[in-house]
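Undergrad: Below is one structure. I have some questions about it.
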Amino acid sequence: MEPILIDGSFGEGGGQIVRTSIALSAISGLPVRVINIRAKRQNPGLQHQHIAAIQAVALLSGAMVEGARLGSAEITFIPGKLRSGSFKFDVGTAGSVTLIAQAVLPILPFLPGPTSLEIRGGTDVKWSPTSDYFASVVKEIAERIGIAFSFEILKRGYYPKGGGLVKIYIDEPPGSIKPFRLVKRGGLKKIEVKSVAHNLPRHVAERQASSASRLVAESFRELNIIQSIEDDSAGKRSLDPGSSVTLIAYTESSILGADSLGERGKRAETVGEEAAMKLVQDLSTEMALDRHMSDMAIPLAALAGRGSEIGGAMLTEHALTNAKVAELILDVKLEINGRPQNPFVLRVL
């Protein structure tokens with residue numbers, strides 16, 4: 001069978017095209033060939049975390065892969081049969097474990113049996129969701145559409161050494177995803193602020209949490225805001241210093257989140273404010289999914305099929321890219337109502 005050709009320079013032109021393409025290939029059984037990989041990036045071609053994602057999906061699907069090497073601009077992915085079991089993956093650097101988790105997420109409901117995955121690398125690093133975002137927002141949304149799994153953060157990992165560890169476990173893969181609707185968020189119930197700092201003074205995490213809470217409270221007065229602090233006393237001491245803050249908004253019909261990372265020279269207060277501003281902006285749209293989860297939900301909606309509908313806070317390049325890849329591989333039609341960088345509704349026709 002001739003592989004489906006995917007142009008990796010389309011849309012956002014980054015690693016998301018590769019991750020979505022191989023995941024949908026593994027599920028559908030259709031081979032894909034991705035060219036011009038990460039053509040729009042300063043360092044084009046595959047990097048360590050992209051190779052790790054390819055290896056993870058290939059192992060779960062018994063796939064044959066050509067071109068999965070550092071700097072490669074093209075791969076061919078020929079899937080076999082999905083398989084369950086216990087698997088371990090190591091990015092080898094501070095490459096993002098949550099981007100690997102994002103790559104395998106659509107596959108989880110279709111696995112033939114109970115499966116555990118341990119992923120080692122960076123848990124809270126640039127250009128990817130924090131592990132707290134995945135453990136809270138992604139996990140909760142997945143459960144709402146019928147994919148129940150656990151996501152445990154065993155150790156934190158930051159740039160440059162990584163060394164973090166997370167574990168994903170799914171006990172009863174449902175075998176399919178039924179059509180679902182997540183369009184409007186409904187009333188806001190509470191917001192949780194999770195602030196983390198390792199190999200740093202505890203006050204860094206406290207200041208991140210305080211600034212985030214203060215800004216959210218200005219927009220949503222009398223709202224219940226819960227703070228939780230994780231530092232080295234939690235027993236998850238990292239190889240490198242690092243911090244992050246993740247905000248989770250619980251609503252009547254959904255859960256939304258936003259995050260931000262600490263870095264050298266960046267005030268802890270700024271970290272908290274960045275996450276809070278993103279969450280306040282996304283909540284103001286009244287949509288059910290924040291700007292990041294709406295990207296990740298598109299392949300799931302396409303797999304669920306006709307009748308599925310999602311409302312996203314922002315139509316990003318990642319969202320448009322995921323929609324295009326899903327249409328190419330799954331032979332579905334997706335209707336998007338909304339302008340780029342604005343709220344949108346996506347329907348599977």
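Here's how to read the names in the structure tokens: chain A, B, ... by the order shown, residue numbers from 1 in each chain, ligand numbers from 1 in the order shown.
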Give the strand (DSSP E or B) residues of range 8-206 of chain A, as DSSP finds them on the backbone, and put them as JSON, numbers by chain.

TA: {"A": [32, 33, 34, 35, 64, 65, 66, 75, 76, 77, 78, 85, 86, 87, 88, 89, 90, 96, 115, 116, 117, 118, 119, 120, 121, 122, 150, 151, 152, 153, 154, 155, 158, 162, 164, 165, 166, 167, 168, 169, 170, 181, 182, 184, 188, 189, 190, 191, 192, 193, 194, 195, 196, 197, 198]}

Undergrad: To test your reading of the structure, identify every residue in range 83-240 of chain A that backbone DSSP assigns to alpha helix (DSSP H), and report it as a ChimeraX atom specification.

TA: /A:97-104,131-133,139-144,202-219

Undergrad: Would you work out the distance separating CA of Gly29 in chain A from CA of Glu2 in chain A, expressed in Å to one decimal?

TA: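 So the answer is 12.2 Å.
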
Undergrad: What's the 9 Å shell around Ile145 in chain A, counting only C-alpha atoms, without same-chain residues fewer than 2 positions away, as a list in words?

TA: Glu140, Ile141, Ala142, Glu143, Ile147, Ala148, Ile177, Lys178, Pro179, Phe180, Arg181 and Leu300 of chain A

Undergrad: Output N, CA and C atoms of each residue in that selection to a file, as an mmCIF file, in the first residue's frame.

TA:
```
data_model
loop_
_atom_site.group_PDB
_atom_site.id
_atom_site.type_symbol
_atom_site.label_atom_id
_atom_site.label_comp_id
_atom_site.auth_asym_id
_atom_site.auth_seq_id
_atom_site.Cartn_x
_atom_site.Cartn_y
_atom_site.Cartn_z
ATOM 1 N N GLU A 140 -8.570 14.567 32.660
ATOM 2 C CA GLU A 140 -9.990 14.774 32.958
ATOM 3 C C GLU A 140 -10.830 14.838 31.678
ATOM 4 N N ILE A 141 -10.338 15.547 30.680
ATOM 5 C CA ILE A 141 -11.074 15.627 29.413
ATOM 6 C C ILE A 141 -11.154 14.248 28.771
ATOM 7 N N ALA A 142 -10.068 13.503 28.808
ATOM 8 C CA ALA A 142 -10.070 12.148 28.246
ATOM 9 C C ALA A 142 -11.103 11.276 28.942
ATOM 10 N N GLU A 143 -11.187 11.385 30.254
ATOM 11 C CA GLU A 143 -12.171 10.601 31.000
ATOM 12 C C GLU A 143 -13.591 10.989 30.626
ATOM 13 N N ILE A 147 -12.101 7.782 27.947
ATOM 14 C CA ILE A 147 -10.753 7.201 27.997
ATOM 15 C C ILE A 147 -10.211 7.385 29.414
ATOM 16 N N ALA A 148 -10.346 6.376 30.241
ATOM 17 C CA ALA A 148 -9.898 6.469 31.630
ATOM 18 C C ALA A 148 -8.484 5.907 31.768
ATOM 19 N N ILE A 177 -13.848 5.269 20.505
ATOM 20 C CA ILE A 177 -14.273 6.532 21.132
ATOM 21 C C ILE A 177 -15.637 6.874 20.547
ATOM 22 N N LYS A 178 -16.625 7.031 21.392
ATOM 23 C CA LYS A 178 -17.969 7.364 20.920
ATOM 24 C C LYS A 178 -18.057 8.865 20.631
ATOM 25 N N PRO A 179 -18.913 9.276 19.701
ATOM 26 C CA PRO A 179 -19.088 10.698 19.414
ATOM 27 C C PRO A 179 -19.398 11.488 20.685
ATOM 28 N N PHE A 180 -18.813 12.674 20.800
ATOM 29 C CA PHE A 180 -18.985 13.478 22.004
ATOM 30 C C PHE A 180 -19.110 14.953 21.652
ATOM 31 N N ARG A 181 -19.654 15.727 22.599
ATOM 32 C CA ARG A 181 -19.787 17.176 22.438
ATOM 33 C C ARG A 181 -19.200 17.875 23.658
ATOM 34 N N LEU A 300 -9.016 13.265 18.543
ATOM 35 C CA LEU A 300 -9.955 12.427 19.283
ATOM 36 C C LEU A 300 -11.368 12.573 18.718
#
```

Undergrad: Mind pulling up the distance from CA of Gly175 in chain A to CA of Ser150 in chain A?

TA: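 Separating CA of Ser150 in chain A from CA of Gly175 in chain A is a distance of 17.2 Å.
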
Undergrad: I'd like to know which of A:Leu289, A:Val204, A:Met1, A:Leu111 is closest to Lys266 in chain A, using only C-alpha atoms.

TA: A:Val204
